Structure formats: C-alpha cells, structure tokens
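Right, one structure below, let's go through it.
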Amino acid sequence: MESVTVAGLLHALSDPVRIAIVAELLKEKKKCGVNCVQTMSRAKLSLPKSTCSQHYQILREAGIIFSERKGVELASRIRCEELEARFPGLLKSIIKAYQKEAKK
C-alpha cells in the first residue's frame, strides 16, 4: 500500500467501466470477493474477456482491488480497509460523486 498514490487511484477510476466495476464490488458484502463475470453482469456491462482482464489489471496495479484465485476463477474485492487507512474518505467520495452523476 505504500506505493499506492492518489494520482494512480484517480487514473484507474477515470475510466467509466473501471469505476462501474468498483461501484459494483463495493456493494458486495462478502469478504471472499466476486469474479469478473458476476461483476460485469451486475454492472450491466458486456465486454470481451481480454478487455475485462485489462480493466481488472489496472485496478489491481492501482491498489484498489485484491484478486485471489479460487479454482479456475479469480475473485476480486475492494481493499477498503487499506485504502481508508491510507486516504480517509477518498474512495467513498469518488464513488458517491460517480453515483450522483450517473443518476442524471
């Protein structure tokens, strides 16, 4: 988490698909994570698997999500506690603004 920067977070969340992915992952209450197919379905997004993988890679590299292999699937979850400790309120504010904007 020491290498995670505000600029990196903002860059990763500047794409509408990635911020939609993060918003959906934040809705997940289970700590075990959700796979890409489930998240994309819930966000009502349809992308090629390679594009989806690229978006998830950018979110991982920015430090926003953590992915864990479960059999043949990769389950991802938001690094809520770590991000909140490093940048209090930042992710929540960004997602709240995104959701407000999406309602227009």
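Lettering and numbering for the structure tokens are positional, with chains as A, B, ... in the shown order, residues counted from 1 in each chain, and ligands counted from 1 in the shown order.
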Long-range neighbours of A:Cys52 as JSON, numbers by chain, 12 Å cut-off, only C-alpha atoms, 3 positions minimum in chain: {"A": [17, 18, 20, 21, 35, 36, 37, 38, 39, 40, 41, 45, 46, 47, 48, 49, 55, 56, 57, 58, 59]}
Who sits within 12 Å of A:Leu90, only C-alpha atoms, same chain under 5 positions skipped, as a list in words: Thr5, Val6, Ala7, Leu9, Leu10, Leu13, Ile64, Cys80, Glu81, Glu82, Leu83, Glu84, Ala85, Ile95, Lys96 and Ala97 of chain A
Determine, counting only C-alpha atoms, which protein, DNA and RNA residues have an atom within 7 Å of an atom of A:Gly63; residues of the same chain fewer than 3 positions away are not included. Present the result as number ranges by chain. A: 1, 4, 59-60
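Atom CA of A:Ser14 lies 16.8 Å from atom CA of A:Leu26.
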Using DSSP secondary structure from the backbone, list all helix (DSSP H, G or I) positions within stretch 32-88 of chain A, as JSON, numbers by chain. {"A": [36, 37, 38, 39, 40, 41, 42, 49, 50, 51, 52, 53, 54, 55, 56, 57, 58, 59, 60, 61, 80, 81, 82, 83, 84, 85, 86]}
Can you write out the residues you just picked, keeping N, CA and C atoms, as an mmCIF file, in the first residue's frame?
```cif
data_model
loop_
_atom_site.group_PDB
_atom_site.id
_atom_site.type_symbol
_atom_site.label_atom_id
_atom_site.label_comp_id
_atom_site.auth_asym_id
_atom_site.auth_seq_id
_atom_site.Cartn_x
_atom_site.Cartn_y
_atom_site.Cartn_z
ATOM 1 N N CYS A 36 -15.133 -11.839 -12.223
ATOM 2 C CA CYS A 36 -15.323 -10.847 -13.276
ATOM 3 C C CYS A 36 -16.686 -10.966 -13.951
ATOM 4 N N VAL A 37 -17.098 -12.173 -14.258
ATOM 5 C CA VAL A 37 -18.364 -12.387 -14.962
ATOM 6 C C VAL A 37 -19.540 -11.892 -14.120
ATOM 7 N N GLN A 38 -19.539 -12.204 -12.835
ATOM 8 C CA GLN A 38 -20.611 -11.752 -11.946
ATOM 9 C C GLN A 38 -20.635 -10.228 -11.856
ATOM 10 N N THR A 39 -19.480 -9.626 -11.688
ATOM 11 C CA THR A 39 -19.401 -8.170 -11.559
ATOM 12 C C THR A 39 -19.874 -7.486 -12.828
ATOM 13 N N MET A 40 -19.439 -7.960 -13.976
ATOM 14 C CA MET A 40 -19.829 -7.343 -15.243
ATOM 15 C C MET A 40 -21.329 -7.491 -15.470
ATOM 16 N N SER A 41 -21.886 -8.619 -15.081
ATOM 17 C CA SER A 41 -23.321 -8.845 -15.218
ATOM 18 C C SER A 41 -24.106 -7.876 -14.332
ATOM 19 N N ARG A 42 -23.676 -7.734 -13.094
ATOM 20 C CA ARG A 42 -24.351 -6.828 -12.156
ATOM 21 C C ARG A 42 -24.255 -5.376 -12.608
ATOM 22 N N LYS A 49 -13.552 -10.716 -22.866
ATOM 23 C CA LYS A 49 -12.804 -11.155 -21.685
ATOM 24 C C LYS A 49 -11.439 -10.470 -21.577
ATOM 25 N N SER A 50 -10.773 -10.270 -22.698
ATOM 26 C CA SER A 50 -9.451 -9.635 -22.664
ATOM 27 C C SER A 50 -9.538 -8.185 -22.188
ATOM 28 N N THR A 51 -10.593 -7.488 -22.586
ATOM 29 C CA THR A 51 -10.784 -6.100 -22.154
ATOM 30 C C THR A 51 -11.103 -6.053 -20.670
ATOM 31 N N CYS A 52 -11.942 -6.964 -20.230
ATOM 32 C CA CYS A 52 -12.288 -7.060 -18.815
ATOM 33 C C CYS A 52 -11.022 -7.324 -17.983
ATOM 34 N N SER A 53 -10.207 -8.236 -18.439
ATOM 35 C CA SER A 53 -8.963 -8.562 -17.739
ATOM 36 C C SER A 53 -8.042 -7.350 -17.644
ATOM 37 N N GLN A 54 -7.990 -6.565 -18.698
ATOM 38 C CA GLN A 54 -7.145 -5.377 -18.698
ATOM 39 C C GLN A 54 -7.642 -4.357 -17.664
ATOM 40 N N HIS A 55 -8.951 -4.172 -17.587
ATOM 41 C CA HIS A 55 -9.508 -3.249 -16.594
ATOM 42 C C HIS A 55 -9.192 -3.717 -15.172
ATOM 43 N N TYR A 56 -9.339 -5.001 -14.926
ATOM 44 C CA TYR A 56 -9.041 -5.549 -13.605
ATOM 45 C C TYR A 56 -7.552 -5.409 -13.279
ATOM 46 N N GLN A 57 -6.697 -5.597 -14.260
ATOM 47 C CA GLN A 57 -5.258 -5.442 -14.040
ATOM 48 C C GLN A 57 -4.931 -4.012 -13.623
ATOM 49 N N ILE A 58 -5.530 -3.043 -14.281
ATOM 50 C CA ILE A 58 -5.289 -1.638 -13.946
ATOM 51 C C ILE A 58 -5.763 -1.352 -12.521
ATOM 52 N N LEU A 59 -6.917 -1.885 -12.142
ATOM 53 C CA LEU A 59 -7.422 -1.681 -10.782
ATOM 54 C C LEU A 59 -6.521 -2.351 -9.743
ATOM 55 N N ARG A 60 -5.988 -3.526 -10.070
ATOM 56 C CA ARG A 60 -5.050 -4.207 -9.157
ATOM 57 C C ARG A 60 -3.767 -3.413 -9.008
ATOM 58 N N GLU A 61 -3.213 -2.975 -10.136
ATOM 59 C CA GLU A 61 -1.954 -2.237 -10.102
ATOM 60 C C GLU A 61 -2.086 -0.900 -9.369
ATOM 61 N N CYS A 80 -10.838 -2.080 0.892
ATOM 62 C CA CYS A 80 -11.498 -0.991 1.631
ATOM 63 C C CYS A 80 -10.696 -0.510 2.843
ATOM 64 N N GLU A 81 -10.331 -1.426 3.725
ATOM 65 C CA GLU A 81 -9.655 -1.035 4.958
ATOM 66 C C GLU A 81 -8.313 -0.368 4.669
ATOM 67 N N GLU A 82 -7.558 -0.953 3.745
ATOM 68 C CA GLU A 82 -6.241 -0.409 3.421
ATOM 69 C C GLU A 82 -6.349 0.980 2.789
ATOM 70 N N LEU A 83 -7.295 1.128 1.856
ATOM 71 C CA LEU A 83 -7.476 2.420 1.187
ATOM 72 C C LEU A 83 -7.985 3.478 2.159
ATOM 73 N N GLU A 84 -8.889 3.090 3.029
ATOM 74 C CA GLU A 84 -9.428 4.041 4.008
ATOM 75 C C GLU A 84 -8.339 4.490 4.981
ATOM 76 N N ALA A 85 -7.464 3.589 5.366
ATOM 77 C CA ALA A 85 -6.372 3.949 6.275
ATOM 78 C C ALA A 85 -5.379 4.903 5.599
ATOM 79 N N ARG A 86 -5.118 4.665 4.326
ATOM 80 C CA ARG A 86 -4.128 5.497 3.606
ATOM 81 C C ARG A 86 -4.724 6.827 3.149
#
```
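DSSP annotation of chain A from backbone atoms: strand (DSSP E) residues are Val34, Asn35, Ile65, Phe66, Ser67, Glu68, Arg69, Lys70, Glu73, Leu74, Ala75, Ser76, Arg77 and Ile78 of chain A.
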I need the chosen residues saved as a compact mmCIF listing (two decimals), in the first residue's frame, with N, CA and C atoms.
```
# COMPACT_ATOMS: atom_id res chain seq x y z
N VAL A 34 -15.76 -11.39 -5.69
CA VAL A 34 -16.67 -11.73 -6.77
C VAL A 34 -15.85 -11.87 -8.05
N ASN A 35 -16.25 -12.81 -8.90
CA ASN A 35 -15.50 -12.98 -10.15
C ASN A 35 -15.91 -11.94 -11.18
N ILE A 65 -8.10 -2.96 -5.94
CA ILE A 65 -8.67 -4.29 -5.70
C ILE A 65 -7.58 -5.30 -5.39
N PHE A 66 -8.00 -6.37 -4.78
CA PHE A 66 -7.16 -7.54 -4.50
C PHE A 66 -7.86 -8.71 -5.15
N SER A 67 -7.12 -9.52 -5.88
CA SER A 67 -7.71 -10.69 -6.55
C SER A 67 -7.08 -11.95 -6.00
N GLU A 68 -7.91 -12.97 -5.83
CA GLU A 68 -7.46 -14.25 -5.30
C GLU A 68 -8.00 -15.37 -6.16
N ARG A 69 -7.14 -16.29 -6.53
CA ARG A 69 -7.55 -17.42 -7.36
C ARG A 69 -8.33 -18.41 -6.51
N LYS A 70 -9.50 -18.80 -7.03
CA LYS A 70 -10.34 -19.81 -6.38
C LYS A 70 -10.68 -20.84 -7.44
N GLU A 73 -11.35 -19.69 -11.18
CA GLU A 73 -11.83 -18.31 -11.17
C GLU A 73 -10.89 -17.40 -10.38
N LEU A 74 -11.00 -16.13 -10.68
CA LEU A 74 -10.26 -15.10 -9.96
C LEU A 74 -11.30 -14.21 -9.29
N ALA A 75 -11.36 -14.26 -7.96
CA ALA A 75 -12.34 -13.46 -7.21
C ALA A 75 -11.66 -12.18 -6.75
N SER A 76 -12.32 -11.06 -6.98
CA SER A 76 -11.75 -9.76 -6.63
C SER A 76 -12.60 -9.06 -5.58
N ARG A 77 -11.92 -8.28 -4.76
CA ARG A 77 -12.61 -7.47 -3.75
C ARG A 77 -11.87 -6.14 -3.61
N ILE A 78 -12.59 -5.15 -3.11
CA ILE A 78 -12.00 -3.84 -2.88
C ILE A 78 -11.15 -3.89 -1.63
```
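A straight-line distance of 14.1 Å separates atom CA of A:Arg79 from atom CA of A:Ser3.
For the pair atom CA of A:Ala43 and atom CA of A:Lys92, the separation is 18.0 Å.
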